[in-house]
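K.L.:
Before anything else, here's the structure in question.
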Amino acid sequence: MDMSGIFAALLAVIGSPYHLLLLLIAVPTGMFFGAVPGLGGKLGIVLAIPFVFGMDPLAGAIFLVAMHAVVHTGGSIPSIVFGVPGTGPDAATIVDGLPMTRNGEAGRAIGAALGASAVGGVIGGLFLLAILPLLRPVVLAFGPSEFLLLALFGILFIALLSGDSLIKGLIIGLFGLMMACVNLDPQTGSQRYTFDQLFLWDGIDIITAVLGIFAIPEMIALGVAGGSIAGRRAQGSNYGLSGVIRGLGDVFRHWGLTLRTSLIGAFIGMVPGLGGDAASWICYGHAVQSSKTPERFGKGAVEGVIAPETANNSKEGGSLLPTLFFGVPGSSGMAILLGAFVMLGITPGPELALEGMDVVLTLIWALMIANVLAVALFFALAPAFGYLSYVRGSLLIPFVFTLTYLGSYLSQRAWENLVLLTALGGLGYLMKKYDWPRPPFVIGLILGPIMEDSFHKAWALWGPAFLLRPGALSMLALIAVSLGVYIRQTRRSSTEFPHAA
Amino acid sequence: MRSGINVLVLGAALALGGPQSAGLSSFYEGKNVSYIVATNAGGGYDAYARLIGPYMEKHLRADHVIIRNVPGAGHLVGANTLARSKPDGLTIGTFNAGLIYGQLAGNRSLRFDLRDLSWIGKAAGEVRAVIVSARCHVTTLDDLLAASEPVNFASAGIGSASYVDTLLLAEALNLNIRIIPGYAGSAAEMAMLRGEICGLVASASSVENFVGAGNASYVLTVGGRIEGVPSAFDYATDERARQIVRLVSMMAELGRVSAAPAGTPAARLADLREAYRSSLEDPALRADAARARRPIDPAFGEEVRDLVVAALDQSPETIEIIKRAVASDAGRASLSGRNGHEVELASATF
């Protein structure tokens with residue numbers, strides 16, 4: 001791969017008015033599918049396929065990749081403004097995004113989300129360009145035993161996301177893991193806690209769980225308190241475009257974090273099997289862990305918005321690689337993209353590396369440009385989204401409730417989920433009211449099945465020796481170091497502030 | 001992950017012209033037809049429905065044919081939803097014919113008899129293939145038949161159609177394999193690239209690219225032919241084995257089926273079958289299918305129903321095997337093959 005090839009591919013995108021026009025259409029479309037809860041990028045691609053069917057293969061692929069690239073940029077907006085995640089991977093953005101809105105910093109949070117998404121997307125793309133020669137060995141180094149330990153690593157973050165009380169966090173995290181056991185046992189096929197209800201066979205729907213635990217309690221609390229999401233005290237404090245610009249600046253002020261979470265996200269995307277939900281929560285956990293002031297998180301720390309938003313955009317770039325080169329999709333969205341590529345006449349697989357390198361490079365550029373374009377297009381609109389946080393609760397609550405119930409229904413099309421949503425909403429409200437941390441629940445629910453499934457496979461394949469595989473040993477070392485750092489930090493803070501512990 | 005579902009109208013997307021089918025009643029004019037797909041958007045069943053839907057719309061002269069994705073529980077939710085729908089000819093659906101295994105095993109979650117559905121037709125079969133990874137020590141069929149150590153095969157979850165297919169073939173051909181369940185979709189291909197999994201029983205079309213890229217090779221087919229690859233029938237040495245292979249073969253032949261709920265009025269069903277036939281014989285559909293690389297090999301109406309009925313007529317012995325595969329305690333069972341080979345189940349180790 002030579003430099004001239006890389007720039008020829010760039011020229012293929014920006015040198016063609018037709019391709020640029022397609023990007024201009026694809027970006028708002030993708031953001032729309034992200035911003036409406038329950039729709040998501042997969043559906044976006046399925047719906048776009050008839051439109052790209054007759055296009056020239058490269059143009060069609062550019063359109064689809066660009067559209068899919070910015071789904072989570074759009075998904076961050078309802079997470080921040082209403083606490084309703086547009087897509088699953090945008091759920092982690094709520095934890096600090098919504099408190100920022102409540103503090104009157106909606107504009108700043110949206111600015112940070114837009115900026116983080118764009119930077120994440122671009123770094124993800126650059127990472128792809130850099131890793132192309134090493135792709136195969138890196139991706140193949142991750143099997144069931146490494147997945148198991150990576151999930152375990154993520155679950156350790158529960159301790160960090162517990163807020164003031166570790167015990168409360170552990171209880172909620174274990175409760176989440178317990179809820180992750182509601183499904184057909186992947187090993188024996190027997191029903192576990194499903195009460196013979198078909199809608200529980202595939203486990204508790206993540207979108208429903210997240211909407212119930214985060215969105216509904218916020219609306220109940222808003223109704224109880226009255227007023228608007230951004231309280232009166234916040235009125236006018238950080239209004240309009242200046243807030244958005246400040247948010248964009250935050251992304252660069254925390255450049256170390258931005259860079260790290262972009263790379264982690266791209267990496268998780270590249271290894272098929274972990275998924276976007278895991279990527280954003282692991283990066284959120286990392287932001288808390290690496291912060292000097294972890295106590296600010298959950299109360300409106302801008303890093304809490306930056307980390308998951310860089311991750312969920314950069315992992316899209318990551319998952320493009322195995323899709324194109326192995327013909328093995330890195331995410332379910334990519335699985336559909338794979339089908340679309342075939343339909344367009346681009347055959348993913350190793351031969352693409354030999355004959356279709358220009359196509360791959362062009363698509364990587366399209367992905368990066370779409371991410372930047374998303375900010376440019378929505379920069380001016382961002383303050384308008386921010387104003388929504390000043391809408392009176394009595395006007396906003398019915399609208400958000402409708403969105404919440406619709407999102408839950410659309411995600412699996414099972415009415416039973418609405419009952420579950422209501423129950424989890426009640427539970428979430430109690431947790432909020434009595435100050436129990438909510439993120440550990442979602443982490444348990446998302447990482448539990450990955451851990452269980454990988455454990456079964458690793459054990460069946462290698463027995464206890466799975467822990468001695470090279471990848472597993474390095475993951476174990478990573479876990480040990482993180483634990484050590486955490487314990488030292490807690491010790492130090494408890495000696496410095498004996499009353500805080 | 002599990003998001004992304006919809007009701008959507010494809011009609012506007014594709015401009016379809018051309019002559020319409022003769023001999024159809026005017027019942028469907030100005031009406032909407034729901035086409036239930038028992039999976040999420042994306043994937044084979046969805047692709048076929050979205051391919052056929054617009055042509056059904058044209059040939060039925062319906063207002064719209066609306067694709068409804070009703071995923072969950074390995075096609076059970078969608079199939080039950082279809083069976084429960086009002087049999088007025090305005091709801092049809094497509095799902096994995098593998099549910100036949102569930103009915104044979106007496107799965108209570110299948111809340112209707114597949115024989116009773118109003119079968120419309122099938123768009124294509126799904127030839128099953130046994131493939132082995134290029135990284136595996138077992139590279140040919142002879143290696144596989146002679147393996148003294150269990151060979152790792154991936155499958156989807158226990159009780160899934162892919163799991164039952166694998167187990168049935170292993171029983172019939174006396175293969176010394178260990179099934180590692182829980183590999184959904186492309187995860188099995190990744191595992192073969194990493195080298196932890198040796199082989200796979202899959203629909204040939206789903207692994208075509210993977211094999212074409214030199215990552216694995218076909219060693220055996222069931223329910224159709226692949227150039228230069230032997231058929232499982234050639235290795236089924238006795239009547240019991242032939243019976244089992246015939247069942248897997250019938251499932252493969254059924255492939256992408258579509259049906260309406262039980263009790264759909266005969267005239268409506270006749271219209272649906274007629275429109276389905278006209279759609280699948282429409283040169284424009286064939287051209288679309290070729291571009292999407294979706295093979296079309298249709299069968300219609302009674303022919304499909306007869307296949308379903310025949311597949312559901314199995315010897316008690318075969319049903320026993322399926323029951324063991326689907327039953328909830330399958331994980332602890334260890335099945336003895338005929339020559340003392342054990343079909344080991346991975347979870348039997350703990």
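Each chain of the structure tokens is named A, B, ... in the order shown, its residues numbered from 1; ligands are numbered from 1 in display order.
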Report as a Markdown table: every residue of chain A with an atom at most 6 Å from chain B, its closest pair of atoms, and their distance in Å to one decimal, counting only C-alpha atoms, with rows sorted by chain and ascending residue number.

P.N.:
```
| residue | atom | partner | partner_atom | distance |
| --- | --- | --- | --- | --- |
| A:Gly38 | CA | B:Gly4 | CA | 5.8 |
| A:Leu39 | CA | B:Gly4 | CA | 4.8 |
| A:Gly40 | CA | B:Gly4 | CA | 5.3 |
| A:Lys42 | CA | B:Gly4 | CA | 5.9 |
| A:Leu43 | CA | B:Gly4 | CA | 5.1 |
| A:Leu140 | CA | B:Arg194 | CA | 5.3 |
| A:Pro186 | CA | B:Gly157 | CA | 5.7 |
| A:Thr188 | CA | B:Gly331 | CA | 4.9 |
| A:Gly189 | CA | B:Ile158 | CA | 5.2 |
| A:Ser190 | CA | B:Ser328 | CA | 4.4 |
| A:Trp201 | CA | B:Ala73 | CA | 5.4 |
| A:Asp202 | CA | B:Ala73 | CA | 5.8 |
| A:Val328 | CA | B:Ser186 | CA | 5.8 |
| A:Ile336 | CA | B:Gly42 | CA | 5.2 |
| A:Met343 | CA | B:Ala292 | CA | 4.3 |
| A:Leu410 | CA | B:Ile5 | CA | 5.6 |
| A:Ser411 | CA | B:Ser3 | CA | 4.6 |
| A:Ala460 | CA | B:Ala346 | CA | 5.3 |
```

K.L.:
As number ranges by chain, please: the residues near Asp96 (chain A) (cut-off 7 Å, only C-alpha atoms, same-chain neighbours under 6 positions excluded).

P.N.:
A: 297-302, 304-305

K.L.:
Can you pull out every residue from region 235-473 of chain A that DSSP, working from the backbone, puts in alpha helix (DSSP H), and format the result as a ChimeraX atom specification?

P.N.:
/A:241-253,255-270,276-290,303-325,332-344,350-355,357-379,382-387,393-412,416-433,439-462,470-473

K.L.:
With only C-alpha atoms as the atoms that count, which of B:Glu227, B:Glu253, B:Glu239, B:Asp271 lies nearest to Tyr28 (chain B)?

P.N.:
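Among the listed residues, the smallest separation from Tyr28 (chain B) belongs to B:Asp271.
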
K.L.:
Just the residues within 9 Å of Pro230 (chain B), please, counting only C-alpha atoms, with nothing from its chain fewer than 4 positions along; format it as a PyMOL selection string.

P.N.:
chain B and resi 141+219-222+225-226+234-235

K.L.:
Could you name the residues that touch Ala260 (chain B) at 12 Å or less, counting only C-alpha atoms, but leaving out those on the same chain fewer than 4 positions away, as number ranges by chain?

P.N.:
B: 33-36, 79-95, 114-121, 264-266, 268-273, 276, 301, 305

K.L.:
Report the distance between CA of Phe378 (chain A) and CA of Gly407 (chain A) in Å, rounded to one decimal place.

P.N.:
23.1 Å

K.L.:
I need the residues of region 127-328 of chain B that end up classed as strand (DSSP E or B) by DSSP on the backbone, written out as number ranges by chain.

P.N.:
B: 128-133, 151-155, 177-181, 199-203, 216-222, 231, 256-260, 299-300

K.L.:
So that I have them on file, write out the residues from the current selection with N, CA and C atoms, as a compact mmCIF listing (two decimals), in the first residue's frame.

P.N.:
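As a result, out.txt now contains:
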```
# COMPACT_ATOMS: atom_id res chain seq x y z
N ARG B 128 -27.51 -28.05 2.30
CA ARG B 128 -26.62 -28.08 3.45
C ARG B 128 -25.26 -28.62 3.01
N ALA B 129 -24.22 -28.10 3.62
CA ALA B 129 -22.89 -28.60 3.29
C ALA B 129 -22.11 -28.81 4.58
N VAL B 130 -21.30 -29.85 4.58
CA VAL B 130 -20.33 -30.02 5.66
C VAL B 130 -19.03 -29.42 5.14
N ILE B 131 -18.48 -28.45 5.88
CA ILE B 131 -17.20 -27.88 5.44
C ILE B 131 -16.15 -28.08 6.52
N VAL B 132 -14.90 -28.19 6.12
CA VAL B 132 -13.82 -28.23 7.11
C VAL B 132 -12.82 -27.12 6.80
N SER B 133 -12.29 -26.55 7.87
CA SER B 133 -11.38 -25.42 7.77
C SER B 133 -10.06 -25.82 7.13
N VAL B 151 -13.53 -34.41 16.44
CA VAL B 151 -13.24 -33.20 15.67
C VAL B 151 -14.22 -32.11 16.10
N ASN B 152 -13.72 -30.92 16.39
CA ASN B 152 -14.59 -29.83 16.85
C ASN B 152 -15.45 -29.26 15.74
N PHE B 153 -16.76 -29.30 15.92
CA PHE B 153 -17.70 -28.68 14.98
C PHE B 153 -18.46 -27.58 15.72
N ALA B 154 -18.66 -26.46 15.06
CA ALA B 154 -19.43 -25.38 15.67
C ALA B 154 -20.89 -25.53 15.28
N SER B 155 -21.78 -25.07 16.15
CA SER B 155 -23.19 -24.96 15.76
C SER B 155 -23.79 -23.79 16.52
N ILE B 177 -17.43 -36.50 16.00
CA ILE B 177 -17.29 -35.04 16.17
C ILE B 177 -17.75 -34.60 17.54
N ARG B 178 -17.22 -33.47 17.96
CA ARG B 178 -17.65 -32.86 19.21
C ARG B 178 -18.30 -31.54 18.83
N ILE B 179 -19.58 -31.38 19.21
CA ILE B 179 -20.28 -30.15 18.83
C ILE B 179 -20.07 -29.09 19.91
N ILE B 180 -19.55 -27.93 19.50
CA ILE B 180 -19.41 -26.81 20.41
C ILE B 180 -20.51 -25.82 20.05
N PRO B 181 -21.56 -25.73 20.87
CA PRO B 181 -22.68 -24.85 20.49
C PRO B 181 -22.41 -23.39 20.85
N GLY B 199 -14.85 -27.76 11.82
CA GLY B 199 -15.87 -27.94 10.79
C GLY B 199 -17.21 -27.35 11.16
N LEU B 200 -18.12 -27.45 10.20
CA LEU B 200 -19.40 -26.76 10.32
C LEU B 200 -20.39 -27.42 9.37
N VAL B 201 -21.63 -27.58 9.83
CA VAL B 201 -22.70 -27.96 8.90
C VAL B 201 -23.51 -26.69 8.70
N ALA B 202 -23.58 -26.21 7.47
CA ALA B 202 -24.24 -24.92 7.24
C ALA B 202 -24.94 -24.94 5.90
N SER B 203 -25.76 -23.93 5.66
CA SER B 203 -26.35 -23.85 4.34
C SER B 203 -25.24 -23.37 3.40
N ALA B 216 -11.83 -22.71 3.68
CA ALA B 216 -12.38 -24.02 4.04
C ALA B 216 -12.76 -24.74 2.75
N SER B 217 -13.05 -26.04 2.89
CA SER B 217 -13.52 -26.74 1.69
C SER B 217 -14.74 -27.59 2.01
N TYR B 218 -15.55 -27.81 0.98
CA TYR B 218 -16.73 -28.66 1.13
C TYR B 218 -16.28 -30.11 1.19
N VAL B 219 -16.87 -30.89 2.10
CA VAL B 219 -16.57 -32.32 2.06
C VAL B 219 -17.82 -33.15 1.77
N LEU B 220 -19.00 -32.58 2.00
CA LEU B 220 -20.22 -33.37 1.85
C LEU B 220 -21.40 -32.43 1.65
N THR B 221 -22.39 -32.85 0.85
CA THR B 221 -23.60 -32.04 0.74
C THR B 221 -24.82 -32.87 1.09
N VAL B 222 -25.89 -32.20 1.47
CA VAL B 222 -27.17 -32.83 1.72
C VAL B 222 -28.24 -31.96 1.09
N SER B 231 -22.38 -36.64 -2.00
CA SER B 231 -23.61 -36.43 -1.24
C SER B 231 -23.62 -37.34 -0.02
N ARG B 256 -36.50 -21.75 1.89
CA ARG B 256 -37.17 -20.46 2.13
C ARG B 256 -38.66 -20.55 1.87
N VAL B 257 -39.41 -21.09 2.83
CA VAL B 257 -40.84 -21.30 2.64
C VAL B 257 -41.66 -20.08 3.01
N SER B 258 -42.85 -19.97 2.39
CA SER B 258 -43.82 -18.96 2.79
C SER B 258 -45.17 -19.64 2.98
N ALA B 259 -45.94 -19.14 3.95
CA ALA B 259 -47.24 -19.74 4.23
C ALA B 259 -48.19 -18.68 4.75
N ALA B 260 -49.49 -19.03 4.72
CA ALA B 260 -50.52 -18.20 5.32
C ALA B 260 -51.09 -18.98 6.50
N ALA B 299 -40.84 -23.90 -5.60
CA ALA B 299 -41.87 -24.95 -5.65
C ALA B 299 -43.12 -24.30 -5.08
N PHE B 300 -44.26 -24.84 -5.45
CA PHE B 300 -45.49 -24.12 -5.12
C PHE B 300 -46.52 -25.00 -4.43
```

K.L.:
Please provide the set of residues having any atom within 8 Å of Leu321 (chain A), restricted to only C-alpha atoms, with same-chain residues fewer than 3 positions apart removed, written as a list in words.

P.N.:
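Here the answer would be Leu128, Met270, Gly317, Gly318, Leu324, Phe325, Phe326 and Gly330 of chain A.
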